[in-house]
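S.K.: Next up, input-v6.cif (mmCIF, C-alpha atoms and all ligand atoms).
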```
data_protein
#
loop_
_atom_site.group_PDB
_atom_site.id
_atom_site.type_symbol
_atom_site.label_atom_id
_atom_site.label_comp_id
_atom_site.auth_asym_id
_atom_site.auth_seq_id
_atom_site.Cartn_x
_atom_site.Cartn_y
_atom_site.Cartn_z
ATOM 1 C CA MET N 1 26.068 3.807 -2.634
ATOM 2 C CA THR N 2 23.391 5.518 -0.579
ATOM 3 C CA VAL N 3 20.080 7.284 -1.063
ATOM 4 C CA THR N 4 18.910 10.215 1.067
ATOM 5 C CA PHE N 5 15.321 11.281 1.548
ATOM 6 C CA PRO N 6 13.447 13.813 3.701
ATOM 7 C CA VAL N 7 11.619 12.497 6.766
ATOM 8 C CA PRO N 8 8.552 14.571 7.648
ATOM 9 C CA SER N 9 7.696 14.988 11.319
ATOM 10 C CA THR N 10 3.988 14.509 10.657
ATOM 11 C CA THR N 11 1.991 13.014 7.807
ATOM 12 C CA THR N 12 -1.660 13.241 6.829
ATOM 13 C CA SER N 13 -4.027 10.474 5.804
ATOM 14 C CA ARG N 14 -7.581 11.003 4.604
ATOM 15 C CA PHE N 15 -10.459 8.607 4.218
ATOM 16 C CA ALA N 16 -13.951 9.401 2.963
ATOM 17 C CA VAL N 17 -17.237 7.609 3.374
ATOM 18 C CA ALA N 18 -19.953 8.198 0.776
ATOM 19 C CA ALA N 19 -23.557 7.364 1.647
ATOM 20 C CA ASP N 20 -27.124 8.409 0.839
ATOM 21 C CA HIS N 21 -27.423 10.005 4.241
ATOM 22 C CA ILE N 22 -24.503 11.119 6.408
ATOM 23 C CA PRO N 23 -25.710 12.362 9.822
ATOM 24 C CA HIS N 24 -24.299 15.546 11.357
ATOM 25 C CA ASP N 25 -23.189 13.878 14.583
ATOM 26 C CA LEU N 26 -20.441 11.599 13.234
ATOM 27 C CA ALA N 27 -18.873 10.989 16.651
ATOM 28 C CA ALA N 28 -22.073 9.260 17.770
ATOM 29 C CA LEU N 29 -21.484 6.607 15.096
ATOM 30 C CA LEU N 30 -18.132 5.659 16.611
ATOM 31 C CA ARG N 31 -19.336 4.703 20.070
ATOM 32 C CA GLY N 32 -19.790 1.105 20.960
ATOM 33 C CA PRO N 33 -17.535 -1.766 21.769
ATOM 34 C CA HIS N 34 -14.871 -2.372 19.155
ATOM 35 C CA ALA N 35 -11.135 -2.841 19.316
ATOM 36 C CA PHE N 36 -10.250 0.721 18.337
ATOM 37 C CA GLU N 37 -12.822 2.524 20.478
ATOM 38 C CA PRO N 38 -10.411 3.663 23.242
ATOM 39 C CA HIS N 39 -7.958 4.966 20.605
ATOM 40 C CA ILE N 40 -10.748 6.756 18.759
ATOM 41 C CA THR N 41 -12.070 8.340 21.953
ATOM 42 C CA GLY N 42 -8.593 9.547 22.896
ATOM 43 C CA ARG N 43 -7.991 11.289 19.546
ATOM 44 C CA LEU N 44 -11.417 12.505 18.500
ATOM 45 C CA GLY N 45 -11.635 16.200 17.702
ATOM 46 C CA SER N 46 -7.858 16.708 17.495
ATOM 47 C CA PRO N 47 -5.562 16.657 14.415
ATOM 48 C CA PRO N 48 -4.959 12.892 14.685
ATOM 49 C CA LEU N 49 -8.690 12.272 14.208
ATOM 50 C CA ASP N 50 -10.743 15.015 12.625
ATOM 51 C CA LEU N 51 -14.245 14.174 11.362
ATOM 52 C CA ARG N 52 -16.119 16.341 8.926
ATOM 53 C CA ARG N 53 -19.413 15.999 7.129
ATOM 54 C CA GLU N 54 -19.205 17.415 3.615
ATOM 55 C CA ASP N 55 -21.810 17.931 0.898
ATOM 56 C CA LEU N 56 -20.912 17.597 -2.761
ATOM 57 C CA GLY N 57 -20.946 21.389 -3.247
ATOM 58 C CA ASP N 58 -18.317 21.930 -0.505
ATOM 59 C CA LEU N 59 -15.736 19.429 -1.678
ATOM 60 C CA ARG N 60 -12.205 20.422 -2.584
ATOM 61 C CA TRP N 61 -11.573 16.945 -3.992
ATOM 62 C CA ASP N 62 -13.334 15.047 -6.754
ATOM 63 C CA PRO N 63 -15.188 11.815 -5.884
ATOM 64 C CA ALA N 64 -15.236 10.935 -9.595
ATOM 65 C CA GLN N 65 -11.436 10.525 -9.460
ATOM 66 C CA ILE N 66 -11.694 7.687 -6.928
ATOM 67 C CA LYS N 67 -11.070 4.384 -8.693
ATOM 68 C CA ALA N 68 -11.870 0.730 -8.172
ATOM 69 C CA VAL N 69 -8.759 -1.440 -8.158
ATOM 70 C CA HIS N 70 -10.644 -4.697 -8.631
ATOM 71 C CA PRO N 71 -13.406 -5.311 -11.196
ATOM 72 C CA GLY N 72 -15.691 -6.479 -8.353
ATOM 73 C CA GLN N 73 -15.614 -2.964 -6.881
ATOM 74 C CA ARG N 74 -17.050 -1.143 -9.908
ATOM 75 C CA ARG N 75 -20.455 -0.711 -8.244
ATOM 76 C CA ASP N 76 -18.772 0.776 -5.177
ATOM 77 C CA GLN N 77 -16.822 3.126 -7.432
ATOM 78 C CA GLN N 78 -20.041 4.238 -9.122
ATOM 79 C CA ALA N 79 -21.831 4.651 -5.783
ATOM 80 C CA PHE N 80 -18.917 6.704 -4.458
ATOM 81 C CA GLY N 81 -18.668 8.867 -7.580
ATOM 82 C CA SER N 82 -22.378 9.696 -7.636
ATOM 83 C CA ALA N 83 -22.858 10.305 -3.890
ATOM 84 C CA THR N 84 -23.788 13.761 -2.595
ATOM 85 C CA GLN N 85 -22.959 13.335 1.100
ATOM 86 C CA PHE N 86 -19.608 12.407 2.594
ATOM 87 C CA ALA N 87 -17.895 11.927 5.914
ATOM 88 C CA VAL N 88 -14.194 12.804 5.677
ATOM 89 C CA VAL N 89 -11.790 11.443 8.278
ATOM 90 C CA THR N 90 -8.472 13.310 8.371
ATOM 91 C CA SER N 91 -5.556 12.199 10.495
ATOM 92 C CA THR N 92 -2.482 14.395 10.873
ATOM 93 C CA ALA N 93 -0.127 12.673 13.261
ATOM 94 C CA PRO N 94 3.588 12.310 14.067
ATOM 95 C CA ILE N 95 5.189 9.536 12.032
ATOM 96 C CA THR N 96 6.250 8.004 15.340
ATOM 97 C CA ASP N 97 2.498 7.438 15.902
ATOM 98 C CA GLN N 98 2.353 5.150 12.836
ATOM 99 C CA PRO N 99 0.955 2.735 11.949
ATOM 100 C CA ARG N 100 -1.467 3.108 14.880
ATOM 101 C CA GLY N 101 -2.544 6.599 13.786
ATOM 102 C CA VAL N 102 -3.650 5.586 10.298
ATOM 103 C CA GLN N 103 -5.269 2.411 11.590
ATOM 104 C CA VAL N 104 -7.386 4.370 14.072
ATOM 105 C CA ALA N 105 -8.447 6.798 11.330
ATOM 106 C CA ARG N 106 -9.408 3.990 8.962
ATOM 107 C CA ALA N 107 -11.187 2.118 11.763
ATOM 108 C CA ALA N 108 -13.283 5.269 12.287
ATOM 109 C CA ALA N 109 -14.074 5.424 8.551
ATOM 110 C CA TYR N 110 -15.098 1.754 8.526
ATOM 111 C CA ALA N 111 -17.332 2.290 11.571
ATOM 112 C CA ILE N 112 -19.052 5.259 9.884
ATOM 113 C CA ALA N 113 -19.514 3.181 6.711
ATOM 114 C CA ALA N 114 -21.017 0.306 8.711
ATOM 115 C CA ALA N 115 -23.490 2.689 10.383
ATOM 116 C CA THR N 116 -24.519 4.477 7.175
ATOM 117 C CA ASP N 117 -24.302 1.621 4.676
ATOM 118 C CA GLY N 118 -21.612 3.699 2.999
ATOM 119 C CA VAL N 119 -18.600 3.112 0.764
ATOM 120 C CA VAL N 120 -15.093 3.912 2.088
ATOM 121 C CA ALA N 121 -12.282 5.328 -0.027
ATOM 122 C CA ASP N 122 -8.658 6.081 0.798
ATOM 123 C CA LEU N 123 -8.044 9.588 -0.547
ATOM 124 C CA ILE N 124 -4.248 9.200 -0.349
ATOM 125 C CA ILE N 125 -4.131 6.261 -2.734
ATOM 126 C CA GLY N 126 -7.317 7.277 -4.583
ATOM 127 C CA ASP N 127 -9.016 3.884 -4.360
ATOM 128 C CA VAL N 128 -12.299 2.624 -2.981
ATOM 129 C CA LEU N 129 -11.613 0.071 -0.261
ATOM 130 C CA PRO N 130 -13.153 -3.417 -0.088
ATOM 131 C CA GLN N 131 -16.568 -3.275 1.583
ATOM 132 C CA PRO N 132 -17.713 -4.013 4.147
ATOM 133 C CA THR N 133 -14.806 -4.590 6.424
ATOM 134 C CA ALA N 134 -13.238 -3.496 9.685
ATOM 135 C CA GLU N 135 -9.715 -2.673 10.775
ATOM 136 C CA ARG N 136 -7.478 -5.545 11.849
ATOM 137 C CA THR N 137 -5.879 -4.870 15.256
ATOM 138 C CA SER N 138 -2.405 -5.769 14.008
ATOM 139 C CA PHE N 139 -0.849 -3.909 11.093
ATOM 140 C CA VAL N 140 -0.703 -5.769 7.782
ATOM 141 C CA LEU N 141 0.722 -3.803 4.846
ATOM 142 C CA ALA N 142 -1.305 -5.946 2.430
ATOM 143 C CA ASP N 143 -4.516 -4.481 3.903
ATOM 144 C CA ASN N 144 -4.781 -1.917 1.103
ATOM 145 C CA TRP N 145 -2.140 0.470 2.419
ATOM 146 C CA LEU N 146 -0.057 0.694 -0.782
ATOM 147 C CA GLY N 147 -2.513 1.051 -3.646
ATOM 148 C CA ASP N 148 -0.727 -1.970 -5.089
ATOM 149 C CA ALA N 149 -2.485 -3.723 -7.924
ATOM 150 C CA LEU N 150 -1.614 -5.460 -11.150
ATOM 151 C CA PRO N 151 -1.935 -3.414 -14.339
ATOM 152 C CA PRO N 152 -4.567 -4.442 -16.917
ATOM 153 C CA PHE N 153 -3.614 -7.847 -18.300
ATOM 154 C CA ARG N 154 -1.247 -7.488 -21.253
ATOM 155 C CA ALA N 155 -2.014 -3.768 -21.533
ATOM 156 C CA ASN N 156 -5.716 -4.540 -22.005
ATOM 157 C CA GLY N 157 -4.875 -7.075 -24.677
ATOM 158 C CA ARG N 158 -2.908 -4.641 -26.845
ATOM 159 C CA CYS N 159 0.377 -6.363 -26.026
ATOM 160 C CA THR N 160 1.064 -9.531 -27.996
ATOM 161 C CA ALA N 161 4.705 -10.107 -26.996
ATOM 162 C CA ALA N 162 5.713 -13.761 -26.779
ATOM 163 C CA ASP N 163 5.167 -15.839 -23.660
ATOM 164 C CA PRO N 164 8.601 -16.646 -22.164
ATOM 165 C CA ASP N 165 7.342 -20.126 -21.242
ATOM 166 C CA ARG N 166 7.090 -20.869 -24.974
ATOM 167 C CA ASP N 167 9.602 -18.507 -26.533
ATOM 168 C CA PRO N 168 12.798 -17.235 -24.844
ATOM 169 C CA GLU N 169 12.381 -13.941 -26.733
ATOM 170 C CA GLY N 170 9.374 -13.268 -24.533
ATOM 171 C CA VAL N 171 11.513 -12.674 -21.427
ATOM 172 C CA ASN N 172 12.301 -9.206 -22.774
ATOM 173 C CA GLY N 173 9.411 -9.115 -25.239
ATOM 174 C CA CYS N 174 7.939 -5.751 -24.203
ATOM 175 C CA SER N 175 8.204 -3.026 -21.555
ATOM 176 C CA CYS N 176 4.543 -2.216 -20.955
ATOM 177 C CA VAL N 177 4.514 -2.401 -17.162
ATOM 178 C CA ARG N 178 5.248 0.476 -14.802
ATOM 179 C CA LEU N 179 4.182 0.090 -11.180
ATOM 180 C CA ARG N 180 4.248 2.591 -8.346
ATOM 181 C CA THR N 181 3.220 2.496 -4.686
ATOM 182 C CA HIS N 182 0.888 5.213 -3.425
ATOM 183 C CA GLY N 183 0.838 4.918 0.339
ATOM 184 C CA LEU N 184 4.353 4.825 1.795
ATOM 185 C CA ARG N 185 4.434 8.605 2.200
ATOM 186 C CA ARG N 186 2.050 8.400 5.151
ATOM 187 C CA PHE N 187 4.735 6.425 6.992
ATOM 188 C CA GLY N 188 7.405 8.993 6.127
ATOM 189 C CA LEU N 189 9.005 6.989 3.315
ATOM 190 C CA PRO N 190 9.437 7.750 -0.393
ATOM 191 C CA GLU N 191 7.169 5.849 -2.779
ATOM 192 C CA LEU N 192 8.679 3.045 -4.880
ATOM 193 C CA GLN N 193 8.442 2.334 -8.570
ATOM 194 C CA ILE N 194 9.613 -0.294 -11.025
ATOM 195 C CA THR N 195 9.558 0.347 -14.775
ATOM 196 C CA ASP N 196 10.346 -1.196 -18.172
ATOM 197 C CA VAL N 197 8.908 -4.515 -17.058
ATOM 198 C CA ALA N 198 7.601 -6.980 -19.660
ATOM 199 C CA CYS N 199 3.954 -8.037 -19.252
ATOM 200 C CA PRO N 200 4.689 -11.679 -18.274
ATOM 201 C CA HIS N 201 6.626 -10.460 -15.215
ATOM 202 C CA ASP N 202 4.005 -8.052 -13.875
ATOM 203 C CA LEU N 203 3.241 -10.149 -10.780
ATOM 204 C CA ALA N 204 6.928 -10.659 -9.957
ATOM 205 C CA ALA N 205 7.496 -6.903 -10.296
ATOM 206 C CA LEU N 206 4.517 -6.137 -8.054
ATOM 207 C CA ASN N 207 5.782 -8.580 -5.426
ATOM 208 C CA VAL N 208 9.296 -7.116 -5.552
ATOM 209 C CA LEU N 209 7.744 -3.700 -4.819
ATOM 210 C CA ARG N 210 5.660 -5.176 -1.987
ATOM 211 C CA THR N 211 8.693 -6.932 -0.489
ATOM 212 C CA THR N 212 10.877 -3.826 -0.773
ATOM 213 C CA ALA N 213 8.139 -1.671 0.780
ATOM 214 C CA ARG N 214 7.743 -3.995 3.763
ATOM 215 C CA HIS N 215 11.516 -4.272 4.199
ATOM 216 C CA LEU N 216 11.956 -0.474 4.170
ATOM 217 C CA LEU N 217 9.053 0.011 6.570
ATOM 218 C CA THR N 218 10.489 -2.431 9.128
ATOM 219 C CA ASP N 219 13.852 -0.731 8.796
ATOM 220 C CA HIS N 220 12.303 2.760 9.053
ATOM 221 C CA TRP N 221 10.380 1.945 12.211
ATOM 222 C CA SER N 222 13.562 0.554 13.799
ATOM 223 C CA TRP N 223 15.300 3.804 12.911
ATOM 224 C CA LEU N 224 12.458 5.961 14.261
ATOM 225 C CA ALA N 225 12.513 3.966 17.508
ATOM 226 C CA THR N 226 16.028 5.273 18.134
ATOM 227 C CA GLY N 227 14.589 8.807 18.438
ATOM 228 C CA PRO N 228 16.462 10.490 15.568
ATOM 229 C CA VAL N 229 16.438 14.294 15.476
ATOM 230 C CA SER N 230 17.442 14.486 11.811
ATOM 231 C CA ARG N 231 14.810 15.414 9.266
ATOM 232 C CA THR N 232 16.591 13.505 6.529
ATOM 233 C CA ARG N 233 17.658 9.924 6.373
ATOM 234 C CA THR N 234 20.448 8.236 4.406
ATOM 235 C CA ILE N 235 20.265 4.503 3.778
ATOM 236 C CA SER N 236 22.229 2.021 1.753
ATOM 237 C CA ALA N 237 21.006 1.870 -1.847
ATOM 238 C CA VAL N 238 21.560 -1.891 -1.855
ATOM 239 C CA ARG N 239 18.836 -3.700 0.072
ATOM 240 C CA ARG N 240 19.017 -7.321 1.142
ATOM 241 C CA LEU N 241 15.467 -8.609 0.869
ATOM 242 C CA THR N 242 14.225 -11.912 2.215
ATOM 243 C CA GLN N 243 11.322 -14.291 1.915
ATOM 244 C CA GLY N 244 10.507 -13.114 5.459
ATOM 245 C CA ASP N 245 9.925 -9.544 4.189
ATOM 246 C CA PHE N 246 7.504 -10.944 1.612
ATOM 247 C CA ASN N 247 5.673 -13.055 4.212
ATOM 248 C CA GLU N 248 5.500 -10.076 6.525
ATOM 249 C CA PHE N 249 3.890 -7.996 3.777
ATOM 250 C CA TRP N 250 0.972 -10.435 3.975
ATOM 251 C CA GLY N 251 1.015 -10.677 7.768
ATOM 252 C CA SER N 252 1.756 -14.363 7.329
ATOM 253 C CA SER N 253 4.203 -16.613 9.106
ATOM 254 C CA ARG N 254 2.716 -19.840 7.821
ATOM 255 C CA ARG N 255 4.801 -20.451 4.745
ATOM 256 C CA GLU N 256 7.675 -22.767 5.408
ATOM 257 C CA HIS N 257 10.798 -21.180 6.773
ATOM 258 C CA LEU N 258 13.573 -22.117 4.423
ATOM 259 C CA SER N 259 17.029 -22.557 5.745
ATOM 260 C CA PRO N 260 19.193 -20.976 4.719
ATOM 261 C CA PRO N 261 16.741 -18.108 4.093
ATOM 262 C CA ILE N 262 16.567 -16.870 0.512
ATOM 263 C CA ILE N 263 18.140 -13.437 0.301
ATOM 264 C CA PHE N 264 18.056 -11.360 -2.842
ATOM 265 C CA GLU N 265 19.415 -7.913 -3.438
ATOM 266 C CA ALA N 266 17.650 -4.959 -4.972
ATOM 267 C CA ARG N 267 19.125 -1.552 -5.710
ATOM 268 C CA LEU N 268 17.374 1.768 -5.114
ATOM 269 C CA THR N 269 17.968 4.899 -7.157
ATOM 270 C CA PRO N 270 16.346 8.264 -6.434
ATOM 271 C CA ILE N 271 14.001 9.674 -9.102
ATOM 272 C CA THR N 272 12.929 12.569 -6.857
ATOM 273 C CA ALA N 273 13.281 13.154 -3.116
ATOM 274 C CA ARG N 274 9.999 11.307 -2.649
ATOM 275 C CA LEU N 275 10.273 8.564 -5.254
ATOM 276 C CA LEU N 276 12.777 5.713 -5.484
ATOM 277 C CA SER N 277 13.172 3.313 -8.374
ATOM 278 C CA VAL N 278 13.847 -0.396 -7.759
ATOM 279 C CA HIS N 279 16.442 -2.193 -9.927
ATOM 280 C CA PRO N 280 18.435 -5.431 -10.019
ATOM 281 C CA PRO N 281 21.761 -5.245 -8.168
ATOM 282 C CA HIS N 282 24.744 -3.693 -9.977
ATOM 283 C CA ASP N 283 26.505 -7.013 -10.485
ATOM 284 C CA PHE N 284 23.449 -8.614 -12.112
ATOM 285 C CA ASP N 285 24.223 -9.295 -15.734
ATOM 286 C CA GLY N 286 20.945 -8.697 -17.536
ATOM 287 C CA THR N 287 17.786 -6.608 -17.742
ATOM 288 C CA VAL N 288 15.142 -6.049 -15.096
ATOM 289 C CA ASN N 289 13.130 -8.741 -16.913
ATOM 290 C CA ASP N 290 15.985 -11.255 -16.833
ATOM 291 C CA TRP N 291 16.124 -10.574 -13.090
ATOM 292 C CA LEU N 292 12.383 -10.992 -12.522
ATOM 293 C CA TRP N 293 12.284 -14.178 -14.612
ATOM 294 C CA GLY N 294 15.533 -15.677 -13.296
ATOM 295 C CA ASP N 295 16.249 -17.774 -10.239
ATOM 296 C CA ALA N 296 17.647 -14.962 -8.075
ATOM 297 C CA LEU N 297 14.167 -14.323 -6.658
ATOM 298 C CA PRO N 298 12.212 -16.752 -4.442
ATOM 299 C CA LEU N 299 9.632 -18.733 -6.408
ATOM 300 C CA SER N 300 6.750 -17.291 -4.381
ATOM 301 C CA ILE N 301 7.586 -13.789 -5.670
ATOM 302 C CA ARG N 302 6.548 -14.987 -9.131
ATOM 303 C CA ASP N 303 3.529 -17.014 -7.989
ATOM 304 C CA ILE N 304 1.552 -15.392 -5.194
ATOM 305 C CA LEU N 305 -1.091 -12.795 -5.980
ATOM 306 C CA SER N 306 -2.649 -12.747 -2.523
ATOM 307 C CA SER N 307 -2.289 -14.604 0.738
ATOM 308 C CA PRO N 308 -4.391 -14.530 3.918
ATOM 309 C CA ALA N 309 -2.906 -13.059 7.091
ATOM 310 C CA ASP N 310 -2.494 -15.045 10.297
ATOM 311 C CA ILE N 311 -4.810 -12.736 12.198
ATOM 312 C CA PRO N 312 -8.322 -12.765 10.746
ATOM 313 C CA LEU N 313 -10.202 -9.558 10.015
ATOM 314 C CA PRO N 314 -12.781 -8.701 12.679
ATOM 315 C CA ARG N 315 -16.406 -8.468 11.691
ATOM 316 C CA ALA N 316 -17.574 -4.977 10.803
ATOM 317 C CA ALA N 317 -18.325 -2.952 13.933
HETATM 318 ZN ZN ZN X 1 3.538 -6.013 -22.868
#
```
Show how you would write the structure in this file as structure tokens.

M.R.:
Amino acid sequence: MTVTFPVPSTTTSRFAVAADHIPHDLAALLRGPHAFEPHITGRLGSPPLDLRREDLGDLRWDPAQIKAVHPGQRRDQQAFGSATQFAVVTSTAPITDQPRGVQVARAAAYAIAAATDGVVADLIIGDVLPQPTAERTSFVLADNWLGDALPPFRANGRCTAADPDRDPEGVNGCSCVRLRTHGLRRFGLPELQITDVACPHDLAALNVLRTTARHLLTDHWSWLATGPVSRTRTISAVRRLTQGDFNEFWGSSRREHLSPPIIFEARLTPITARLLSVHPPHDFDGTVNDWLWGDALPLSIRDILSSPADIPLPRAA
């Protein structure tokens, strides 16, 4: 069993900064000593790093559609949605330039936000980003690259299915949860989704998506490093995921290395050319919820909502 997907030669990422006053000379805001300065200088004014100042009347996108993932970001969402001046950072770069290309673009957006007291949003995933921050020099997928977040708890309270800790019926008590990544396309990969998940397993489902995303990204970059000329790629539909993939999602090597390493299989099926669905392996006897609740997955997949990376975030430039 295999899945085949198109591999674009270039991808585009866009970030926007909303502030009360966005100056006309955006490049001037990016000078100064910070880790990404040489990369920014080398790309400025070319497709990999295009800066534009835009007023509300000129926009071809809607700031009101930009959402806050976390309740603590509601004020940023409001500030972004009601702003009238924006700096838009667009990066169109070869996928072989990733993840450096998108990191440089986001570093530029963070630097503009720091200089203007602005709010940054990722226009590919449609979310405001945590403020204020700066770009980590190493790439960590957990740094808001996937638009990955838990759905509202128990469908905003509408779901009253049993808790599987108290009632075995609760393992398959509902199917409220559907999760989808929103950022893999910028690395030349299809997005991932998992559906028909019962509310009590939402975190496990999210972490399976995160682990699968990190696994596919590592694999994709290895493939790209071989210099393929093909514009499509065929991979095995059965993926052997490890605790290491999950740790790597967080940029963390601290958690104990278990030996033998825990390996669990997931199966990919194409929904469209740019969207894959994640399922239990074929030989698993049960539903997606039995899989997420069972002992096939490492315990941490069910437990960990967030985890700090080894390399700390720099202070805002
Ligand atoms: Zn539910």

S.K.: Got a sec to resolve the PyMOL selection byres (((not hetatm)) within 12 of (chain X and resi 1)) on this structure and send the residues as a PyMOL selection string?

M.R.: chain N and resi 151-164+170-178+195-202+289

S.K.: Between N:Ala87, N:Ala121, N:Ala225, N:Ala266, which has the minimum distance to Trp291 in chain N (counting all atoms listed in the file)?

M.R.: N:Ala266

S.K.: Give me the residues within 12 Å of Arg239 in chain N as a list in words, counting all atoms listed in the file and dropping any in the same chain fewer than 5 places off.

M.R.: Met1, Thr2, Val3, Val208, Thr211, Thr212, Ala213, Arg214, His215, Leu216, Asp219, Asp245, Ile263, Phe264, Glu265, Ala266, Arg267, Leu268, Thr269, Val278, His279, Pro280, Pro281 and His282 of chain N

S.K.: Restrict the selected residues to C-alpha atoms and save them as a compact mmCIF listing (two decimals), keeping the file's coordinate frame.

M.R.:
```txt
# COMPACT_ATOMS: atom_id res chain seq x y z
CA MET N 1 26.07 3.81 -2.63
CA THR N 2 23.39 5.52 -0.58
CA VAL N 3 20.08 7.28 -1.06
CA VAL N 208 9.30 -7.12 -5.55
CA THR N 211 8.69 -6.93 -0.49
CA THR N 212 10.88 -3.83 -0.77
CA ALA N 213 8.14 -1.67 0.78
CA ARG N 214 7.74 -4.00 3.76
CA HIS N 215 11.52 -4.27 4.20
CA LEU N 216 11.96 -0.47 4.17
CA ASP N 219 13.85 -0.73 8.80
CA ASP N 245 9.93 -9.54 4.19
CA ILE N 263 18.14 -13.44 0.30
CA PHE N 264 18.06 -11.36 -2.84
CA GLU N 265 19.42 -7.91 -3.44
CA ALA N 266 17.65 -4.96 -4.97
CA ARG N 267 19.12 -1.55 -5.71
CA LEU N 268 17.37 1.77 -5.11
CA THR N 269 17.97 4.90 -7.16
CA VAL N 278 13.85 -0.40 -7.76
CA HIS N 279 16.44 -2.19 -9.93
CA PRO N 280 18.43 -5.43 -10.02
CA PRO N 281 21.76 -5.24 -8.17
CA HIS N 282 24.74 -3.69 -9.98
```

S.K.: Output the residue selection produced by the PyMOL selection byres (((chain N and resi 17) around 12) and not hetatm) on the file above, formatted as a PyMOL selection string.

M.R.: chain N and resi 14-16+18-23+26+51-55+63+66+76-77+79-81+83-90+105-123+127-129+131-132

S.K.: Taking into account all atoms listed in the file, which residue in the set N:Ala142, N:Arg186, N:Val69, N:Asp165 is nearest to Thr92 in chain N?

M.R.: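 Closest to Thr92 in chain N, using all atoms listed in the file: N:Arg186.
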
S.K.: Which distance in Å separates CA of Arg60 in chain N and CA of Leu179 in chain N, to one decimal?

M.R.: 27.5 Å

S.K.: Which residues, named as in the file, does the PyMOL selection byres (((chain N and resi 6) around 12) and not hetatm) pick out? Answer as a short mmCIF file (atom, residue, chain, number, x, y, z; two decimals) with C-alpha atoms, in the coordinates of the input.

M.R.:
```cif
data_model
loop_
_atom_site.label_atom_id
_atom_site.label_comp_id
_atom_site.auth_asym_id
_atom_site.auth_seq_id
_atom_site.Cartn_x
_atom_site.Cartn_y
_atom_site.Cartn_z
CA VAL N 3 20.08 7.28 -1.06
CA THR N 4 18.91 10.22 1.07
CA PHE N 5 15.32 11.28 1.55
CA VAL N 7 11.62 12.50 6.77
CA PRO N 8 8.55 14.57 7.65
CA SER N 9 7.70 14.99 11.32
CA THR N 10 3.99 14.51 10.66
CA ARG N 185 4.43 8.60 2.20
CA PHE N 187 4.74 6.42 6.99
CA GLY N 188 7.40 8.99 6.13
CA LEU N 189 9.01 6.99 3.32
CA PRO N 190 9.44 7.75 -0.39
CA SER N 230 17.44 14.49 11.81
CA ARG N 231 14.81 15.41 9.27
CA THR N 232 16.59 13.50 6.53
CA ARG N 233 17.66 9.92 6.37
CA THR N 234 20.45 8.24 4.41
CA ILE N 235 20.26 4.50 3.78
CA PRO N 270 16.35 8.26 -6.43
CA THR N 272 12.93 12.57 -6.86
CA ALA N 273 13.28 13.15 -3.12
CA ARG N 274 10.00 11.31 -2.65
CA LEU N 275 10.27 8.56 -5.25
#
```

S.K.: Would you compute the distance between CA of Leu29 in chain N and CA of Ala93 in chain N? Give it in Å to one decimal.

M.R.: 22.3 Å

S.K.: So the first atom is CA of Val140 in chain N and the second is CA of Gly251 in chain N; what is the distance between them in Å, to one decimal place?

M.R.: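 Between these atoms lies a distance of 5.2 Å.
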
S.K.: In terms of the shortest atom-to-atom distance over all atoms listed in the file, which of N:Gln65, N:Thr96, N:Gln73, N:Asn144 is closest to Ser222 in chain N?

M.R.: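 Answer, going by the shortest atom-to-atom distance: N:Thr96.
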
S.K.: Between N:Trp223, N:Asp295, N:Gly45, N:Gly126, which is the closest to Ala64 in chain N once you count all atoms listed in the file?

M.R.: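 Counting all atoms listed in the file, the residue closest to Ala64 in chain N is N:Gly126.
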
S.K.: Looking at N:Phe246, N:Gly147, N:Ser82, N:Ser277, which one is nearest to Leu56 in chain N, with distances taken over all atoms listed in the file?

M.R.: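 Between N:Phe246, N:Gly147, N:Ser82, N:Ser277, the residue approaching Leu56 in chain N most closely is N:Ser82.
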
S.K.: Please fill the gaps in range 98-104 of chain N so it has N, CA, C and O atoms, and write that as a PDB file, in the frame of the given file.

M.R.:
```
ATOM      1  N   GLN N  98       2.785   6.124  13.848  1.00  0.00           N
ATOM      2  CA  GLN N  98       2.353   5.150  12.836  1.00  0.00           C
ATOM      3  C   GLN N  98       2.896   3.759  13.159  1.00  0.00           C
ATOM      4  O   GLN N  98       3.960   3.667  13.744  1.00  0.00           O
ATOM      5  N   PRO N  99       2.157   2.701  12.789  1.00  0.00           N
ATOM      6  CA  PRO N  99       0.955   2.735  11.949  1.00  0.00           C
ATOM      7  C   PRO N  99      -0.342   2.908  12.738  1.00  0.00           C
ATOM      8  O   PRO N  99      -1.414   2.939  12.149  1.00  0.00           O
ATOM      9  N   ARG N 100      -0.239   3.032  14.085  1.00  0.00           N
ATOM     10  CA  ARG N 100      -1.467   3.108  14.880  1.00  0.00           C
ATOM     11  C   ARG N 100      -2.368   4.263  14.421  1.00  0.00           C
ATOM     12  O   ARG N 100      -3.576   4.106  14.292  1.00  0.00           O
ATOM     13  N   GLY N 101      -1.754   5.425  14.147  1.00  0.00           N
ATOM     14  CA  GLY N 101      -2.544   6.599  13.786  1.00  0.00           C
ATOM     15  C   GLY N 101      -3.422   6.374  12.568  1.00  0.00           C
ATOM     16  O   GLY N 101      -4.620   6.712  12.578  1.00  0.00           O
ATOM     17  N   VAL N 102      -2.852   5.789  11.519  1.00  0.00           N
ATOM     18  CA  VAL N 102      -3.650   5.586  10.298  1.00  0.00           C
ATOM     19  C   VAL N 102      -4.663   4.460  10.493  1.00  0.00           C
ATOM     20  O   VAL N 102      -5.757   4.492   9.929  1.00  0.00           O
ATOM     21  N   GLN N 103      -4.312   3.497  11.333  1.00  0.00           N
ATOM     22  CA  GLN N 103      -5.269   2.411  11.590  1.00  0.00           C
ATOM     23  C   GLN N 103      -6.498   2.929  12.343  1.00  0.00           C
ATOM     24  O   GLN N 103      -7.624   2.535  12.038  1.00  0.00           O
ATOM     25  N   VAL N 104      -6.266   3.810  13.308  1.00  0.00           N
ATOM     26  CA  VAL N 104      -7.386   4.370  14.072  1.00  0.00           C
ATOM     27  C   VAL N 104      -8.293   5.186  13.137  1.00  0.00           C
ATOM     28  O   VAL N 104      -9.514   5.077  13.176  1.00  0.00           O
TER      29      VAL N 104
END
```
